[in-house]
Amino acid sequence: MDPADSHADEIALSAEEYDAVSAAVARVTSAGDGAQAHSLNSLLAQWGALAAEVEEGYSWCAPELDHDLSCRNALAGVWPLLPSRVRAIRQPKLDCIDVRYRRATIPWPDRPEEGARWWTWRVPRRLEVEAAEQRDPDWPLGWEMMPFPRPASVEVVT
């Protein structure tokens with residue numbers, strides 16, 4: 001178990017804090033037709049799952065990664081709307097996942113590593129592709145639209 005999780009579980013939120021968190025998440029996200037509503041915990045869980053997938057080797061295309069990053073985009077929008085005590089309680093969890101994602105990715109060439117939506121300007125260090133997939137000499141299928149050659153630190157594995 002992640003220490004950030006166990007610490008957060010020990011602290012009870014007030015009814016007002018729960019309502020404020022729900023309102024913040026609802027303001028930033030939309031569940032869509034028939035989709036389950038998001039929660040702060042579900043957004044953190046999605047971000048953690050994506051970090052784990054990228055650590056193991058991301059097997060989807062660049063546009064899919066952009067879509068998958070919607071959970072981190074939502075967290076960025078929700079975070080300033082949360083009560084300060086909730087932010088303080090959950091910040092270690094968010095920081096832990098951010099560190100994992102940074103370690104499993106490299107920044108785009110000529111892009112700062114910090115700043116607004118830094119996570120969108122990173123490439124997984126390990127891209128997994130099907131052996132039968134045709135690809136150009138550098139990028140696997142679905143990544144060839146990247147506006148720069150594949151950095152040597154990005155491994156493509158089958």
# chains A, B, ... in the order shown; residues from 1 in each chain; ligands from 1

$ select_by_dssp --residues "range 64-144 of chain A" --states "alpha helix (DSSP H)" --output "ChimeraX atom specification"
/A:64-68,70-78,84-103

$ residues_around --residues "Leu50 in chain A" --least-positions-apart "5" --cutoff "9 Å" --atoms "only C-alpha atoms" --output "ChimeraX atom specification"
/A:45,55,58,65,68-69,101

$ residues_around --residues "Leu43 in chain A" --least-positions-apart "6" --cutoff "9 Å" --atoms "only C-alpha atoms" --output "CSV table (one decimal) with C-alpha atoms, in the first residue's frame"
chain,number,residue,atom,x,y,z
A,71,CYS,CA,-7.5,12.3,-16.0
A,72,ARG,CA,-4.4,14.4,-15.2
A,74,ALA,CA,-9.1,17.0,-14.8
A,75,LEU,CA,-6.9,16.8,-11.7

$ residues_around --residues "Ser153 in chain A" --least-positions-apart "2" --cutoff "10 Å" --atoms "only C-alpha atoms" --output "PyMOL selection string"
chain A and resi 105-106+123-126+150-151+155-156

$ write_last_selection --atoms "N, CA, C and O atoms" --output "compact mmCIF listing (two decimals), in the first residue's frame"
# COMPACT_ATOMS: atom_id res chain seq x y z
N THR A 105 8.80 8.65 -18.49
CA THR A 105 8.68 9.42 -19.72
C THR A 105 9.91 10.32 -19.88
O THR A 105 10.69 10.49 -18.96
N ILE A 106 10.02 10.89 -21.07
CA ILE A 106 11.04 11.92 -21.31
C ILE A 106 10.34 13.16 -21.84
O ILE A 106 9.27 13.06 -22.46
N VAL A 123 6.95 11.94 -23.54
CA VAL A 123 6.82 10.73 -24.36
C VAL A 123 7.23 9.54 -23.50
O VAL A 123 8.25 9.61 -22.80
N PRO A 124 6.48 8.46 -23.53
CA PRO A 124 6.90 7.27 -22.78
C PRO A 124 8.29 6.81 -23.20
O PRO A 124 8.64 6.83 -24.38
N ARG A 125 9.07 6.41 -22.22
CA ARG A 125 10.42 5.89 -22.49
C ARG A 125 10.37 4.55 -23.22
O ARG A 125 11.30 4.17 -23.91
N ARG A 126 9.27 3.83 -23.03
CA ARG A 126 9.14 2.48 -23.60
C ARG A 126 7.80 2.39 -24.32
O ARG A 126 6.75 2.51 -23.70
N ARG A 150 12.42 10.23 -33.22
CA ARG A 150 12.37 9.48 -31.98
C ARG A 150 13.69 9.64 -31.23
O ARG A 150 14.75 9.32 -31.75
N PRO A 151 13.63 10.16 -29.99
CA PRO A 151 14.86 10.27 -29.20
C PRO A 151 15.44 8.89 -28.91
O PRO A 151 14.71 7.92 -28.76
N GLU A 155 12.60 3.67 -26.18
CA GLU A 155 12.80 2.30 -26.64
C GLU A 155 11.50 1.79 -27.27
O GLU A 155 10.42 1.93 -26.70
N VAL A 156 11.60 1.19 -28.45
CA VAL A 156 10.46 0.56 -29.10
C VAL A 156 10.68 -0.94 -29.03
O VAL A 156 11.68 -1.45 -29.53

$ residues_around --residues "Arg87 in chain A" --least-positions-apart "2" --cutoff "12 Å" --atoms "only C-alpha atoms" --output "PDB file with C-alpha atoms, in the first residue's frame"
ATOM      1  CA  ALA A   8      -5.253   9.877   3.564  1.00  0.00           C
ATOM      2  CA  LEU A  13     -13.317  14.754   5.945  1.00  0.00           C
ATOM      3  CA  GLU A  17     -15.408  19.076   2.607  1.00  0.00           C
ATOM      4  CA  ALA A  20     -16.875  20.807  -1.818  1.00  0.00           C
ATOM      5  CA  VAL A  21     -14.809  18.009  -3.373  1.00  0.00           C
ATOM      6  CA  ALA A  24     -15.211  20.741  -7.670  1.00  0.00           C
ATOM      7  CA  LEU A  40     -11.339  12.696  -6.750  1.00  0.00           C
ATOM      8  CA  LEU A  75      -6.940  16.819 -11.686  1.00  0.00           C
ATOM      9  CA  ALA A  76      -5.203  20.045 -12.735  1.00  0.00           C
ATOM     10  CA  VAL A  78      -9.997  20.298  -9.858  1.00  0.00           C
ATOM     11  CA  TRP A  79      -6.982  20.898  -7.630  1.00  0.00           C
ATOM     12  CA  PRO A  80      -7.321  24.681  -7.130  1.00  0.00           C
ATOM     13  CA  LEU A  81     -11.051  24.269  -6.397  1.00  0.00           C
ATOM     14  CA  LEU A  82     -10.505  21.808  -3.551  1.00  0.00           C
ATOM     15  CA  PRO A  83     -10.572  22.894   0.085  1.00  0.00           C
ATOM     16  CA  SER A  84      -6.998  23.570   1.225  1.00  0.00           C
ATOM     17  CA  ARG A  85      -7.088  20.765   3.807  1.00  0.00           C
ATOM     18  CA  ILE A  89      -4.103  15.518   2.461  1.00  0.00           C
ATOM     19  CA  ARG A  90      -4.121  14.325  -1.171  1.00  0.00           C
ATOM     20  CA  GLN A  91      -1.032  16.208  -2.443  1.00  0.00           C
ATOM     21  CA  PRO A  92       1.422  13.426  -1.479  1.00  0.00           C
ATOM     22  CA  LYS A  93      -0.544  10.928  -3.601  1.00  0.00           C
ATOM     23  CA  LEU A  94      -0.627  13.253  -6.600  1.00  0.00           C
ATOM     24  CA  ASP A  95       3.072  14.049  -6.206  1.00  0.00           C
TER      25      ASP A  95
END

$ atom_distance --atom1 "CA of Gly115 in chain A" --atom2 "CA of Ala62 in chain A"
20.8 Å

$ residues_around --residues "Pro107 in chain A" --least-positions-apart "3" --cutoff "10 Å" --atoms "only C-alpha atoms" --output "MDAnalysis selection string"
chainID A and resid 102 110:114 118:125 151

$ atom_distance --atom1 "CA of Glu56 in chain A" --atom2 "CA of Val154 in chain A"
13.1 Å

$ decode --residues "range 39-120 of chain A" --atoms "C-alpha atoms" --output "compact mmCIF listing (two decimals), in the first residue's frame"
# COMPACT_ATOMS: atom_id res chain seq x y z
CA SER A 39 -14.63 11.36 -8.01
CA LEU A 40 -11.34 12.70 -6.75
CA ASN A 41 -10.36 9.14 -5.85
CA SER A 42 -11.30 7.81 -9.29
CA LEU A 43 -9.27 10.53 -11.02
CA LEU A 44 -6.24 9.75 -8.86
CA ALA A 45 -6.74 6.03 -9.52
CA GLN A 46 -6.90 6.63 -13.29
CA TRP A 47 -3.75 8.75 -13.16
CA GLY A 48 -1.99 6.05 -11.13
CA ALA A 49 -3.09 3.33 -13.56
CA LEU A 50 -1.82 5.33 -16.52
CA ALA A 51 1.52 5.90 -14.80
CA ALA A 52 1.77 2.14 -14.19
CA GLU A 53 0.93 1.39 -17.83
CA VAL A 54 3.57 3.84 -19.04
CA GLU A 55 6.12 2.37 -16.62
CA GLU A 56 5.53 -1.11 -18.06
CA GLY A 57 5.55 0.04 -21.68
CA TYR A 58 2.78 2.04 -23.34
CA SER A 59 1.15 0.01 -26.11
CA TRP A 60 -1.27 2.55 -27.54
CA CYS A 61 -0.77 5.37 -30.05
CA ALA A 62 0.06 9.03 -29.39
CA PRO A 63 -3.55 10.25 -29.79
CA GLU A 64 -4.68 7.59 -27.29
CA LEU A 65 -2.08 8.79 -24.78
CA ASP A 66 -3.40 12.31 -25.25
CA HIS A 67 -6.89 10.98 -24.48
CA ASP A 68 -5.65 8.97 -21.49
CA LEU A 69 -4.11 12.13 -20.04
CA SER A 70 -7.59 13.58 -19.57
CA CYS A 71 -7.55 12.29 -15.99
CA ARG A 72 -4.44 14.38 -15.21
CA ASN A 73 -5.95 17.37 -17.02
CA ALA A 74 -9.06 17.01 -14.84
CA LEU A 75 -6.94 16.82 -11.69
CA ALA A 76 -5.20 20.04 -12.74
CA GLY A 77 -8.58 21.74 -13.08
CA VAL A 78 -10.00 20.30 -9.86
CA TRP A 79 -6.98 20.90 -7.63
CA PRO A 80 -7.32 24.68 -7.13
CA LEU A 81 -11.05 24.27 -6.40
CA LEU A 82 -10.50 21.81 -3.55
CA PRO A 83 -10.57 22.89 0.09
CA SER A 84 -7.00 23.57 1.23
CA ARG A 85 -7.09 20.76 3.81
CA VAL A 86 -8.16 18.24 1.16
CA ARG A 87 -5.37 19.43 -1.14
CA ALA A 88 -2.87 19.03 1.69
CA ILE A 89 -4.10 15.52 2.46
CA ARG A 90 -4.12 14.33 -1.17
CA GLN A 91 -1.03 16.21 -2.44
CA PRO A 92 1.42 13.43 -1.48
CA LYS A 93 -0.54 10.93 -3.60
CA LEU A 94 -0.63 13.25 -6.60
CA ASP A 95 3.07 14.05 -6.21
CA CYS A 96 3.94 10.34 -6.01
CA ILE A 97 2.09 9.56 -9.26
CA ASP A 98 3.58 12.61 -10.98
CA VAL A 99 7.09 11.44 -10.05
CA ARG A 100 6.37 7.96 -11.40
CA TYR A 101 5.05 9.39 -14.68
CA ARG A 102 8.06 11.70 -15.04
CA ARG A 103 10.45 8.79 -14.49
CA ALA A 104 8.66 6.67 -17.10
CA THR A 105 8.68 9.42 -19.72
CA ILE A 106 11.04 11.92 -21.31
CA PRO A 107 10.26 15.53 -22.14
CA TRP A 108 9.68 16.59 -25.71
CA PRO A 109 12.82 18.06 -27.21
CA ASP A 110 13.05 21.82 -26.71
CA ARG A 111 10.14 21.86 -24.22
CA PRO A 112 10.57 22.88 -20.60
CA GLU A 113 10.15 20.06 -18.09
CA GLU A 114 8.01 22.23 -15.82
CA GLY A 115 5.05 24.46 -16.41
CA ALA A 116 1.40 24.24 -17.22
CA ARG A 117 0.29 20.78 -18.31
CA TRP A 118 3.86 19.48 -18.30
CA TRP A 119 2.50 15.89 -18.58
CA THR A 120 1.22 16.54 -22.12
